[in-house]
Structure formats: structure tokens, C-alpha cells
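The file entry_24.pdb comes next; it holds PDB, C-alpha atoms.
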```pdb
ATOM      1  CA  MET A 107       0.000   0.000   0.000
ATOM      2  CA  THR A 108       1.320   3.468  -0.899
ATOM      3  CA  ASP A 109       1.033   6.637   1.185
ATOM      4  CA  ASP A 110      -1.360   7.986  -1.464
ATOM      5  CA  ASP A 111      -3.670   4.990  -1.024
ATOM      6  CA  LEU A 112      -3.829   5.550   2.743
ATOM      7  CA  LEU A 113      -4.306   9.301   2.285
ATOM      8  CA  ALA A 114      -7.266   8.736  -0.027
ATOM      9  CA  ARG A 115      -8.830   6.305   2.442
ATOM     10  CA  HIS A 116      -8.219   8.788   5.285
ATOM     11  CA  ARG A 117     -10.016  11.551   3.396
ATOM     12  CA  ALA A 118     -12.899   9.245   2.548
ATOM     13  CA  VAL A 119     -13.785   8.314   6.139
ATOM     14  CA  LEU A 120     -12.384  10.986   8.496
ATOM     15  CA  PRO A 121     -13.651  14.577   9.005
ATOM     16  CA  SER A 122     -12.214  17.402   6.923
ATOM     17  CA  TRP A 123     -11.359  19.413  10.048
ATOM     18  CA  MET A 124      -8.762  16.814  11.118
ATOM     19  CA  PRO A 125      -5.569  18.276   9.615
ATOM     20  CA  LEU A 126      -2.529  16.352   8.397
ATOM     21  CA  TYR A 127       0.946  17.830   8.406
ATOM     22  CA  TYR A 128       3.059  18.189   5.243
ATOM     23  CA  ASN A 129       2.017  18.497   1.614
ATOM     24  CA  GLU A 130       2.701  14.779   1.332
ATOM     25  CA  PRO A 131       1.461  13.346   4.667
ATOM     26  CA  ILE A 132       3.543  10.524   6.129
ATOM     27  CA  GLU A 133       2.636   7.334   7.974
ATOM     28  CA  ILE A 134       4.979   6.600  10.880
ATOM     29  CA  VAL A 135       5.444   2.835  11.137
ATOM     30  CA  ALA A 136       8.337   2.399  13.577
ATOM     31  CA  GLY A 137      10.205   4.296  16.271
ATOM     32  CA  SER A 138      13.244   3.878  18.464
ATOM     33  CA  GLY A 139      14.764   6.402  20.824
ATOM     34  CA  ARG A 140      14.555   9.824  19.230
ATOM     35  CA  ARG A 141      13.951   8.651  15.661
ATOM     36  CA  VAL A 142      10.918   7.451  13.701
ATOM     37  CA  THR A 143      10.604   5.701  10.343
ATOM     38  CA  ASP A 144       7.880   6.239   7.760
ATOM     39  CA  ALA A 145       6.237   3.712   5.423
ATOM     40  CA  ALA A 146       8.753   4.527   2.694
ATOM     41  CA  GLY A 147      11.651   3.639   4.975
ATOM     42  CA  ARG A 148      12.801   7.229   5.587
ATOM     43  CA  SER A 149      14.136   8.019   9.051
ATOM     44  CA  TYR A 150      13.426  11.273  10.907
ATOM     45  CA  LEU A 151      14.715  12.904  14.060
ATOM     46  CA  ASP A 152      11.484  13.586  15.968
ATOM     47  CA  PHE A 153      11.204  17.129  17.336
ATOM     48  CA  PHE A 154       7.428  16.923  17.733
ATOM     49  CA  GLY A 155       6.934  13.941  20.051
ATOM     50  CA  GLY A 156       3.331  13.238  19.161
ATOM     51  CA  VAL A 157       2.186  16.752  20.154
ATOM     52  CA  LEU A 158       4.636  16.902  23.087
ATOM     53  CA  THR A 159       3.468  13.510  24.333
ATOM     54  CA  ASN A 160       6.258  10.994  23.678
ATOM     55  CA  MET A 161       8.354  12.552  26.424
ATOM     56  CA  LEU A 162      10.881   9.743  26.763
ATOM     57  CA  GLY A 163      11.059   8.750  23.103
ATOM     58  CA  TYR A 164      10.096   5.523  21.374
ATOM     59  CA  ASP A 165      10.406   1.877  22.436
ATOM     60  CA  ILE A 166      11.678   2.652  25.943
ATOM     61  CA  ALA A 167      12.373  -0.732  27.534
ATOM     62  CA  GLU A 168      11.195   0.190  31.029
ATOM     63  CA  VAL A 169       7.834   1.433  29.759
ATOM     64  CA  ARG A 170       7.332  -1.426  27.318
ATOM     65  CA  GLU A 171       8.128  -4.015  29.996
ATOM     66  CA  ALA A 172       5.750  -2.407  32.508
ATOM     67  CA  VAL A 173       2.935  -2.490  29.955
ATOM     68  CA  GLU A 174       3.753  -6.080  28.966
ATOM     69  CA  ARG A 175       3.619  -7.153  32.622
ATOM     70  CA  GLN A 176       0.152  -5.652  32.943
ATOM     71  CA  LEU A 177      -0.991  -7.213  29.666
ATOM     72  CA  ALA A 178       0.231 -10.590  30.897
ATOM     73  CA  THR A 179      -2.254 -10.428  33.777
ATOM     74  CA  GLY A 180      -5.086 -10.429  31.233
ATOM     75  CA  VAL A 181      -6.528  -7.239  32.794
ATOM     76  CA  VAL A 182      -6.502  -4.182  30.557
ATOM     77  CA  HIS A 183      -9.623  -2.583  31.982
ATOM     78  CA  THR A 184     -11.871  -2.780  35.049
ATOM     79  CA  SER A 185     -13.162   0.831  35.384
ATOM     80  CA  THR A 186     -12.542   2.964  38.444
ATOM     81  CA  LEU A 187     -15.354   1.183  40.285
ATOM     82  CA  TYR A 188     -12.724  -1.353  41.366
ATOM     83  CA  LEU A 189      -9.389  -0.952  43.135
ATOM     84  CA  ILE A 190      -6.511  -0.461  40.694
ATOM     85  CA  ARG A 191      -3.112  -0.865  42.301
ATOM     86  CA  GLN A 192      -1.229   0.914  39.496
ATOM     87  CA  GLN A 193      -3.631   3.851  39.745
ATOM     88  CA  VAL A 194      -3.196   4.216  43.506
ATOM     89  CA  GLU A 195       0.597   4.002  43.240
ATOM     90  CA  LEU A 196       0.746   6.639  40.512
ATOM     91  CA  ALA A 197      -1.665   8.916  42.397
ATOM     92  CA  GLU A 198       0.570   8.699  45.475
ATOM     93  CA  LYS A 199       3.622   9.723  43.442
ATOM     94  CA  ILE A 200       1.850  12.598  41.694
ATOM     95  CA  ALA A 201       0.231  13.882  44.897
ATOM     96  CA  GLN A 202       3.628  13.954  46.591
ATOM     97  CA  ARG A 203       5.214  15.744  43.619
ATOM     98  CA  SER A 204       2.361  18.210  43.078
ATOM     99  CA  GLY A 205       3.311  20.598  45.882
ATOM    100  CA  ILE A 206      -0.364  20.799  46.855
ATOM    101  CA  PRO A 207      -1.055  19.926  50.511
ATOM    102  CA  ASP A 208      -3.439  17.041  51.315
ATOM    103  CA  ALA A 209      -3.683  16.382  47.586
ATOM    104  CA  ARG A 210      -6.156  14.147  45.788
ATOM    105  CA  VAL A 211      -5.796  12.973  42.169
ATOM    106  CA  PHE A 212      -8.490  12.179  39.608
ATOM    107  CA  PHE A 213      -7.309  10.474  36.409
ATOM    108  CA  THR A 214      -8.653  11.133  32.922
ATOM    109  CA  ASN A 215      -7.746  10.154  29.371
ATOM    110  CA  SER A 216      -6.441  13.485  28.058
ATOM    111  CA  GLY A 217      -5.572  17.086  28.837
ATOM    112  CA  THR A 218      -8.958  18.217  27.560
ATOM    113  CA  GLU A 219     -10.666  15.854  29.987
ATOM    114  CA  ALA A 220      -8.350  16.957  32.786
ATOM    115  CA  ASN A 221      -9.350  20.595  32.289
ATOM    116  CA  GLU A 222     -13.025  19.598  32.074
ATOM    117  CA  ALA A 223     -12.608  17.839  35.423
ATOM    118  CA  ALA A 224     -10.964  20.932  36.914
ATOM    119  CA  LEU A 225     -13.903  23.050  35.729
ATOM    120  CA  LEU A 226     -16.332  20.525  37.219
ATOM    121  CA  VAL A 227     -14.527  20.693  40.552
ATOM    122  CA  ALA A 228     -14.109  24.484  40.629
ATOM    123  CA  THR A 229     -17.700  25.282  39.653
ATOM    124  CA  ASN A 230     -19.034  22.837  42.240
ATOM    125  CA  TYR A 231     -16.732  24.147  44.962
ATOM    126  CA  ARG A 232     -17.598  27.774  44.291
ATOM    127  CA  ARG A 233     -21.224  27.193  43.151
ATOM    128  CA  SER A 234     -20.582  29.440  40.152
ATOM    129  CA  HIS A 235     -20.166  29.084  36.397
ATOM    130  CA  GLN A 236     -18.146  32.299  36.072
ATOM    131  CA  ILE A 237     -14.594  31.615  34.873
ATOM    132  CA  LEU A 238     -11.560  33.823  34.363
ATOM    133  CA  ALA A 239      -9.379  32.779  31.420
ATOM    134  CA  VAL A 240      -6.440  34.279  29.561
ATOM    135  CA  ARG A 241      -6.265  35.666  26.053
ATOM    136  CA  ASN A 242      -4.352  33.497  23.561
ATOM    137  CA  SER A 243      -4.790  30.393  25.753
ATOM    138  CA  TYR A 244      -5.612  26.816  24.764
ATOM    139  CA  HIS A 245      -7.259  24.328  27.121
ATOM    140  CA  GLY A 246      -8.822  21.628  24.925
ATOM    141  CA  ARG A 247     -11.313  20.645  22.252
ATOM    142  CA  SER A 248     -14.404  19.738  24.317
ATOM    143  CA  TYR A 249     -17.440  21.983  24.688
ATOM    144  CA  ALA A 250     -16.462  23.722  27.927
ATOM    145  CA  THR A 251     -12.700  23.841  27.307
ATOM    146  CA  MET A 252     -13.264  25.484  23.921
ATOM    147  CA  GLY A 253     -15.222  28.111  25.829
ATOM    148  CA  ILE A 254     -12.168  28.989  27.926
ATOM    149  CA  THR A 255      -9.742  28.858  24.991
ATOM    150  CA  GLY A 256      -8.666  32.375  24.079
ATOM    151  CA  ASN A 257      -7.325  31.491  20.652
ATOM    152  CA  ARG A 258      -9.882  31.829  17.840
ATOM    153  CA  THR A 259      -8.146  29.371  15.506
ATOM    154  CA  TRP A 260      -8.438  26.575  18.078
ATOM    155  CA  SER A 261     -11.934  27.351  19.376
ATOM    156  CA  ALA A 262     -14.273  25.459  17.070
ATOM    157  CA  SER A 263     -17.513  26.799  18.563
ATOM    158  CA  SER A 264     -18.681  30.212  19.708
ATOM    159  CA  LEU A 265     -21.265  28.589  21.986
ATOM    160  CA  ASN A 266     -20.256  28.342  25.621
ATOM    161  CA  PRO A 267     -21.842  26.835  28.763
ATOM    162  CA  LEU A 268     -19.699  29.105  30.975
ATOM    163  CA  GLN A 269     -19.577  32.832  31.600
ATOM    164  CA  VAL A 270     -15.995  33.773  30.774
ATOM    165  CA  ALA A 271     -14.067  36.994  31.366
ATOM    166  CA  TRP A 272     -10.708  37.434  29.648
ATOM    167  CA  LEU A 273      -7.380  38.614  31.078
ATOM    168  CA  HIS A 274      -4.228  39.914  29.403
ATOM    169  CA  SER A 275      -1.497  37.271  29.295
ATOM    170  CA  GLY A 276       1.504  39.453  30.036
ATOM    171  CA  ASP A 277       2.913  38.586  26.594
ATOM    172  CA  ARG A 278       6.025  40.651  25.931
ATOM    173  CA  LEU A 279       5.668  40.478  22.129
ATOM    174  CA  ARG A 280       2.060  41.488  21.427
ATOM    175  CA  GLY A 281      -0.994  42.990  23.038
ATOM    176  CA  LEU A 282      -1.543  46.133  25.054
ATOM    177  CA  LEU A 283       0.994  45.196  27.724
ATOM    178  CA  SER A 284       3.839  44.320  25.352
ATOM    179  CA  ARG A 285       5.116  47.907  25.249
ATOM    180  CA  LEU A 286       5.924  47.737  28.984
ATOM    181  CA  ASP A 287       9.019  46.260  30.633
ATOM    182  CA  ALA A 288       8.663  43.017  32.604
ATOM    183  CA  ASP A 289       7.989  44.535  36.050
ATOM    184  CA  ASP A 290       5.489  47.032  34.686
ATOM    185  CA  ARG A 291       3.794  44.299  32.632
ATOM    186  CA  LEU A 292       3.365  42.186  35.750
ATOM    187  CA  ASP A 293       1.813  45.071  37.698
ATOM    188  CA  ALA A 294      -0.420  45.986  34.755
ATOM    189  CA  ALA A 295      -1.616  42.370  34.361
ATOM    190  CA  VAL A 296      -2.528  42.197  38.044
ATOM    191  CA  GLU A 297      -4.352  45.515  37.788
ATOM    192  CA  ASP A 298      -6.144  44.152  34.733
ATOM    193  CA  LEU A 299      -7.419  41.259  36.872
ATOM    194  CA  ARG A 300      -8.817  43.701  39.442
ATOM    195  CA  GLU A 301     -10.505  45.700  36.683
ATOM    196  CA  VAL A 302     -12.044  42.584  35.098
ATOM    197  CA  LEU A 303     -13.366  41.393  38.466
ATOM    198  CA  ALA A 304     -14.877  44.806  39.120
ATOM    199  CA  THR A 305     -16.491  45.266  35.724
ATOM    200  CA  GLN A 306     -17.101  41.905  33.997
ATOM    201  CA  THR A 307     -18.138  39.583  36.828
ATOM    202  CA  VAL A 308     -21.072  39.468  39.193
ATOM    203  CA  GLY A 309     -21.004  37.746  42.565
ATOM    204  CA  GLU A 310     -18.905  34.625  43.046
ATOM    205  CA  VAL A 311     -16.300  33.600  40.465
ATOM    206  CA  ALA A 312     -15.254  29.936  40.317
ATOM    207  CA  CYS A 313     -11.648  30.078  39.167
ATOM    208  CA  LEU A 314      -8.923  31.525  37.010
ATOM    209  CA  ILE A 315      -7.402  28.926  34.691
ATOM    210  CA  ALA A 316      -4.072  29.699  33.044
ATOM    211  CA  GLU A 317      -1.079  28.028  31.428
ATOM    212  CA  PRO A 318       2.313  28.885  32.977
ATOM    213  CA  ILE A 319       3.583  28.944  29.384
ATOM    214  CA  GLN A 320       1.028  29.153  26.570
ATOM    215  CA  GLY A 321       1.767  26.240  24.249
ATOM    216  CA  VAL A 322      -0.625  26.427  21.292
ATOM    217  CA  GLY A 323      -0.522  30.220  21.700
ATOM    218  CA  GLY A 324       3.130  30.246  20.610
ATOM    219  CA  PHE A 325       5.084  29.303  23.754
ATOM    220  CA  VAL A 326       4.277  32.625  25.368
ATOM    221  CA  GLN A 327       5.948  33.016  28.754
ATOM    222  CA  PRO A 328       4.525  35.644  31.131
ATOM    223  CA  PRO A 329       6.733  37.489  33.610
ATOM    224  CA  ASP A 330       7.827  35.276  36.506
ATOM    225  CA  GLY A 331       5.636  36.001  39.513
ATOM    226  CA  LEU A 332       2.465  36.734  37.539
ATOM    227  CA  PHE A 333       0.590  33.780  39.032
ATOM    228  CA  ALA A 334       1.559  34.961  42.530
ATOM    229  CA  GLY A 335       0.286  38.452  41.756
ATOM    230  CA  TRP A 336      -2.957  37.034  40.411
ATOM    231  CA  LYS A 337      -3.410  34.660  43.350
ATOM    232  CA  LYS A 338      -3.038  37.453  45.889
ATOM    233  CA  VAL A 339      -6.044  39.127  44.280
ATOM    234  CA  LEU A 340      -7.972  35.868  43.864
ATOM    235  CA  ASP A 341      -7.482  34.936  47.525
ATOM    236  CA  GLU A 342      -9.252  38.115  48.573
ATOM    237  CA  SER A 343     -12.470  36.592  47.195
ATOM    238  CA  GLY A 344     -11.734  32.876  47.569
ATOM    239  CA  ILE A 345     -11.429  32.362  43.803
ATOM    240  CA  LEU A 346      -9.480  29.232  42.849
ATOM    241  CA  LEU A 347      -6.313  29.263  40.736
ATOM    242  CA  VAL A 348      -6.019  26.395  38.231
ATOM    243  CA  SER A 349      -2.624  25.822  36.613
ATOM    244  CA  ASP A 350      -2.929  24.017  33.272
ATOM    245  CA  GLU A 351       0.271  21.937  33.272
ATOM    246  CA  VAL A 352      -0.671  19.700  30.338
ATOM    247  CA  GLN A 353       2.316  20.998  28.375
ATOM    248  CA  THR A 354       4.552  22.456  31.103
ATOM    249  CA  GLY A 355       4.527  19.593  33.631
ATOM    250  CA  TRP A 356       7.084  16.868  34.400
ATOM    251  CA  GLY A 357      10.253  19.005  34.425
ATOM    252  CA  ARG A 358       9.929  20.182  30.848
ATOM    253  CA  THR A 359      10.838  23.779  31.639
ATOM    254  CA  GLY A 360      14.156  22.568  33.065
ATOM    255  CA  GLU A 361      14.203  25.093  35.880
ATOM    256  CA  HIS A 362      11.173  23.595  37.633
ATOM    257  CA  PHE A 363       9.177  20.363  37.779
ATOM    258  CA  TRP A 364       5.910  22.304  37.286
ATOM    259  CA  GLY A 365       5.534  25.522  35.355
ATOM    260  CA  TYR A 366       3.696  27.196  38.248
ATOM    261  CA  GLN A 367       6.850  26.994  40.401
ATOM    262  CA  ALA A 368       8.453  29.822  38.406
ATOM    263  CA  HIS A 369       5.850  32.105  39.964
ATOM    264  CA  GLY A 370       6.462  31.377  43.643
ATOM    265  CA  VAL A 371       2.914  30.256  44.337
ATOM    266  CA  THR A 372       0.961  27.009  44.700
ATOM    267  CA  PRO A 373      -2.278  26.656  42.713
ATOM    268  CA  ASP A 374      -5.487  25.223  44.150
ATOM    269  CA  LEU A 375      -5.750  22.793  41.230
ATOM    270  CA  LEU A 376      -3.328  21.634  38.571
ATOM    271  CA  THR A 377      -4.041  19.597  35.471
ATOM    272  CA  PHE A 378      -1.668  17.245  33.674
ATOM    273  CA  ALA A 379      -1.532  14.887  30.677
ATOM    274  CA  LYS A 380       0.651  14.386  27.573
ATOM    275  CA  GLY A 381       4.147  13.369  28.709
ATOM    276  CA  ILE A 382       3.155  11.263  31.720
ATOM    277  CA  GLY A 383       1.715   8.565  29.435
ATOM    278  CA  ASN A 384       4.494   8.709  26.821
ATOM    279  CA  GLY A 385       1.858   7.865  24.212
ATOM    280  CA  PHE A 386      -0.677   6.068  26.418
ATOM    281  CA  ALA A 387      -3.905   7.970  27.099
ATOM    282  CA  LEU A 388      -3.406   9.458  30.563
ATOM    283  CA  GLY A 389      -4.220  12.780  32.204
ATOM    284  CA  GLY A 390      -5.697  14.113  35.395
ATOM    285  CA  VAL A 391      -6.321  16.850  37.922
ATOM    286  CA  VAL A 392      -4.748  17.348  41.363
ATOM    287  CA  GLY A 393      -6.195  19.465  44.146
ATOM    288  CA  ARG A 394      -6.622  19.803  47.881
ATOM    289  CA  ALA A 395      -9.022  17.214  49.281
ATOM    290  CA  GLU A 396     -11.427  19.965  50.356
ATOM    291  CA  VAL A 397     -11.621  21.227  46.771
ATOM    292  CA  LEU A 398     -11.541  17.975  44.820
ATOM    293  CA  ASP A 399     -14.171  16.391  47.076
ATOM    294  CA  ALA A 400     -16.618  19.232  46.332
ATOM    295  CA  VAL A 401     -18.328  17.416  43.448
ATOM    296  CA  ARG A 402     -21.933  16.775  44.483
ATOM    297  CA  GLY A 403     -23.164  13.435  43.268
ATOM    298  CA  ILE A 404     -21.465  10.333  41.959
ATOM    299  CA  SER A 405     -18.904  10.587  39.193
ATOM    300  CA  PHE A 406     -16.207   8.287  37.889
ATOM    301  CA  SER A 407     -14.151   7.598  34.787
ATOM    302  CA  THR A 408     -14.718   4.484  32.704
ATOM    303  CA  PHE A 409     -11.249   4.494  31.142
ATOM    304  CA  GLY A 410      -9.372   7.192  33.085
ATOM    305  CA  GLY A 411      -6.531   5.754  35.139
ATOM    306  CA  ASN A 412      -7.022   2.251  33.718
ATOM    307  CA  PRO A 413      -4.475  -0.459  34.670
ATOM    308  CA  LEU A 414      -2.596  -0.312  31.369
ATOM    309  CA  ALA A 415      -2.257   3.482  31.184
ATOM    310  CA  THR A 416      -1.222   3.825  34.826
ATOM    311  CA  ALA A 417       1.282   0.982  34.490
ATOM    312  CA  ALA A 418       2.854   3.050  31.717
ATOM    313  CA  GLY A 419       2.530   6.244  33.793
ATOM    314  CA  ASN A 420       4.351   4.728  36.762
ATOM    315  CA  ALA A 421       7.178   3.567  34.512
ATOM    316  CA  VAL A 422       7.386   6.955  32.771
ATOM    317  CA  LEU A 423       7.531   8.925  36.019
ATOM    318  CA  ASP A 424      10.110   6.556  37.528
ATOM    319  CA  TYR A 425      12.247   6.783  34.376
ATOM    320  CA  LEU A 426      11.979  10.576  34.315
ATOM    321  CA  LEU A 427      13.161  10.858  37.922
ATOM    322  CA  ASP A 428      15.808   8.117  37.741
ATOM    323  CA  HIS A 429      17.401   9.699  34.668
ATOM    324  CA  ASP A 430      16.927  13.313  35.859
ATOM    325  CA  LEU A 431      15.290  14.395  32.627
ATOM    326  CA  GLN A 432      14.500  17.766  34.170
ATOM    327  CA  ALA A 433      18.225  18.551  34.301
ATOM    328  CA  ASN A 434      18.551  17.324  30.721
ATOM    329  CA  ALA A 435      15.767  19.701  29.696
ATOM    330  CA  ALA A 436      17.648  22.560  31.330
ATOM    331  CA  ARG A 437      20.872  21.658  29.494
ATOM    332  CA  THR A 438      19.394  21.090  26.050
ATOM    333  CA  GLY A 439      16.976  23.998  26.446
ATOM    334  CA  ALA A 440      19.890  26.358  26.976
ATOM    335  CA  ILE A 441      21.557  25.049  23.812
ATOM    336  CA  LEU A 442      18.399  25.368  21.692
ATOM    337  CA  TYR A 443      17.571  28.786  23.134
TER     338      TYR A 443
END
```

As C-alpha cells, what does this structure read like?
Amino acid sequence: MTDDDLLARHRAVLPSWMPLYYNEPIEIVAGSGRRVTDAAGRSYLDFFGGVLTNMLGYDIAEVREAVERQLATGVVHTSTLYLIRQQVELAEKIAQRSGIPDARVFFTNSGTEANEAALLVATNYRRSHQILAVRNSYHGRSYATMGITGNRTWSASSLNPLQVAWLHSGDRLRGLLSRLDADDRLDAAVEDLREVLATQTVGEVACLIAEPIQGVGGFVQPPDGLFAGWKKVLDESGILLVSDEVQTGWGRTGEHFWGYQAHGVTPDLLTFAKGIGNGFALGGVVGRAEVLDAVRGISFSTFGGNPLATAAGNAVLDYLLDHDLQANAARTGAILY
């Protein structure tokens, strides 16, 4: 079968809004370490990592063996209505690493789902559907997460179940605050939050959700300390701070394990996904027990945190820590920068 045959079949059965990269799209059929091979036998150095997901690379023995051990039990899925040892062990590791006191973890299948779960928790805890979000942000492709995505290209619907007010990002390259130096931009962004609260919201606000570094928005990095400045204002009204760590988590920034740590503040909730599964569908939300337990009614996840995905997640996190990939990110980041 040629690439053209597969491309024609793809176009015949999949939606037109699912893009493919390259004028001549490629099928990746094998991978090892940092390299992948396409159906024509061409080898590539992978700088994309499956949308920042294959954090360790391809065919990592420790991950493959952990998944094979789980497969050998015959149990791929039970649902979260049963005890899952791999899930509990991974939750313990993530809770300890989160920096959030008395943390609880809820697993999902993706970053979109993780942010949906954070919205569910925050709106229940605060009894409000008012959300603060940041211009140029991206939080997912589901109905609610599109509503808090401040990037028109990636927001596929103008309909929104939430009432959203938008903040300046502190971007140093564009927008009204870009003409200011870093310290003045930080102060102006915090003042912007006060102005938005005073003029665009009514009564209780559930949360502010923000990425420490905007990924889809162009890897926009706000001034260090912006989250701390925001949280000081939020705490005056009990508004939650949600740090979307889907792209910035797991030591990727080099300097810190979580992106929020550059700001000298601890969020009320953080969301994660992508790299922790190294290709397996795995995401989640972490928060204080008081906050995460605020959901009224029964909820669970059919596939989130399943035995196979969490077996992979445990192996990925252990590998990341054992090989100090955070320090490697700091070294290689400095070279690339």
C-alpha cells in the first residue's frame, strides 16, 4: 500500500477538520529512541513527540516491559469502580510531587478531559459558572474547554456553557501590555485582573485557569511572579487558581518540575496529561481534598486511570526521575535557546 492509497482512504472516512501535516502526509510505522521511520523507509529525528506527548522517546524498555507485565495479567480494563493498584501508586507519586497539601488525584484520558474535570470541581466548589481565562490560551477541544480557549483558531464553537471573562497574558511580544518592561507588565496584568473582576463579573467567580507557558498560543511566557500576583487578588475573594500543566509539567521547563513553580505560588488545582503517558492515554487533575471532594453526586471515569495506562505512567515517572530528565531539559533547552 502506498502513502497515497492511505491518504485517499483517510479523506474518505475521516472529518475534513482533522488536519494532516506536510504536503505529502507521512505514515509513521516504527520508532526507536529519538527517531521514527515512515512507510517509505525514511528516518526522521522527531522534534514533535506526538504533540509533546512521547516525552521519553520511542520503544523505551522500562515502559514497554511495565505495559507487557500488565498485559500478561489479562486485565486491561476494570473501570474505576474497582481498586486499581497501578492507579493508587501513581496517584501517590503525583500527589507527593504536586506541591499541593493534602492532595487528591483524579485520572482522565487526556488534557482536555483533565481541564473539564478541573472546571467541574471548581464550579461545584464555588457554586458558580463564572470563569476567568487568559487571552491566547488553549485548554482543549471539548465543549467547555473550547469556551475557555482564548485562541480563535483553536476554538471550534462560539457557543459556551460558561460565563468567561478574559485577562491579558503578560505577553512581551504582542498585546496592550507588550510595550511595557517586565515589572510594569506584571503590575499591569494584576491591575487588569482587578478591573475585570470589578467590571465583567457578578457575585462569586469559580476560578482563574491559566497556562504557565502558553503552548498552542506560541510558547508565550509571562513574567515570573504573575501567578503569585494574580493569586493574591484571587485569595481576597476565595477564587481558585487552576494551573494548566498539560504541556509544562514533568520538568519540561528545566528550571522547575511544574511551570507554576516559576511564579512562587501554589495553585489550588493543577491539570496534567501528555508526557506522563508517553503515548498512552493518561491525564488528570490534582487538588486539595477539600476542593476535589466538592463534586456533588457520583462521578467516575470508565477508562481514566485504567491499569494499562497507569502501568505506563508509573514507569514513565520513575524513568523521568531516575534519569533526571528535568536537568537534561535545562541543558538542552539552553543550547536550543

Name the residues, using the chain letters and numbers of the file, that sit within 8 Å of (-16.1, 6.0, 37.4) when counting all atoms listed in the file, and give them as a PDB file with C-alpha atoms, in the coordinates of the input.
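Generated file (out_19.pdb):
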```pdb
ATOM      1  CA  SER A 185     -13.162   0.831  35.384  1.00  0.00           C
ATOM      2  CA  THR A 186     -12.542   2.964  38.444  1.00  0.00           C
ATOM      3  CA  LEU A 187     -15.354   1.183  40.285  1.00  0.00           C
ATOM      4  CA  SER A 405     -18.904  10.587  39.193  1.00  0.00           C
ATOM      5  CA  PHE A 406     -16.207   8.287  37.889  1.00  0.00           C
ATOM      6  CA  SER A 407     -14.151   7.598  34.787  1.00  0.00           C
ATOM      7  CA  THR A 408     -14.718   4.484  32.704  1.00  0.00           C
TER       8      THR A 408
END
```

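Using all atoms listed in the file for every distance, the candidate list A:Val322, A:Val211, A:Pro328, A:Ala228 yields A:Pro328 as the residue closest to Arg280 (chain A).
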
Within 7 Å of Gly276 (chain A) using all atoms listed in the file, minus same-chain residues under 4 positions, as a list of chain:residue names: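 Returned residues: A:Leu283, A:Arg291, A:Leu292, A:Ala295, A:Pro328, A:Pro329.
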
Using all atoms listed in the file, determine which residues lie at most 12 Å from Tyr188 (chain A), disregarding the query and same-chain residues fewer than 4 positions distant; provide the list as a PyMOL selection string. chain A and resi 183-184+192-194+406-409+411-413

Could you check which of A:Gly439, A:Asp430, A:Ala197, A:Ala418 is closest to Glu171 (chain A), using only C-alpha atoms? A:Ala418

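Across A:Ala417, A:Met252, A:Leu314, A:Val391, the tightest approach to Leu299 (chain A) is made by A:Leu314 when counting all atoms listed in the file.
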
Identify, on the basis of all atoms listed in the file, every residue whose closest approach to Gly403 (chain A) does not exceed 12 Å; exclude the query and any residue fewer than 6 positions from it along the same chain; express the result as a count of residues only. 3

Residues in the PyMOL selection byres ((chain A and resi 135) around 7), expressed as an mmCIF file with C-alpha atoms, in the frame of the given file:
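For reference, result-v5.cif as written:
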```cif
data_model
loop_
_atom_site.group_PDB
_atom_site.id
_atom_site.type_symbol
_atom_site.label_atom_id
_atom_site.label_comp_id
_atom_site.auth_asym_id
_atom_site.auth_seq_id
_atom_site.Cartn_x
_atom_site.Cartn_y
_atom_site.Cartn_z
ATOM 1 C CA GLU A 133 2.636 7.334 7.974
ATOM 2 C CA ILE A 134 4.979 6.600 10.880
ATOM 3 C CA ALA A 136 8.337 2.399 13.577
ATOM 4 C CA THR A 143 10.604 5.701 10.343
ATOM 5 C CA ASP A 144 7.880 6.239 7.760
ATOM 6 C CA ALA A 145 6.237 3.712 5.423
#
```

For Asp277 (chain A), which residue among A:Ile319, A:Ala146, A:Ala239, A:Ile206 is the nearest when counting only C-alpha atoms?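 Using only C-alpha atoms, the shortest distance to Asp277 (chain A) belongs to A:Ile319.
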
Among the residues A:Gly137, A:Gly281, A:Gly360, A:Gly163, the one that comes closest to Thr438 (chain A) [using all atoms listed in the file]: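 Residue with the minimum atom-to-atom distance to Thr438 (chain A): A:Gly360.
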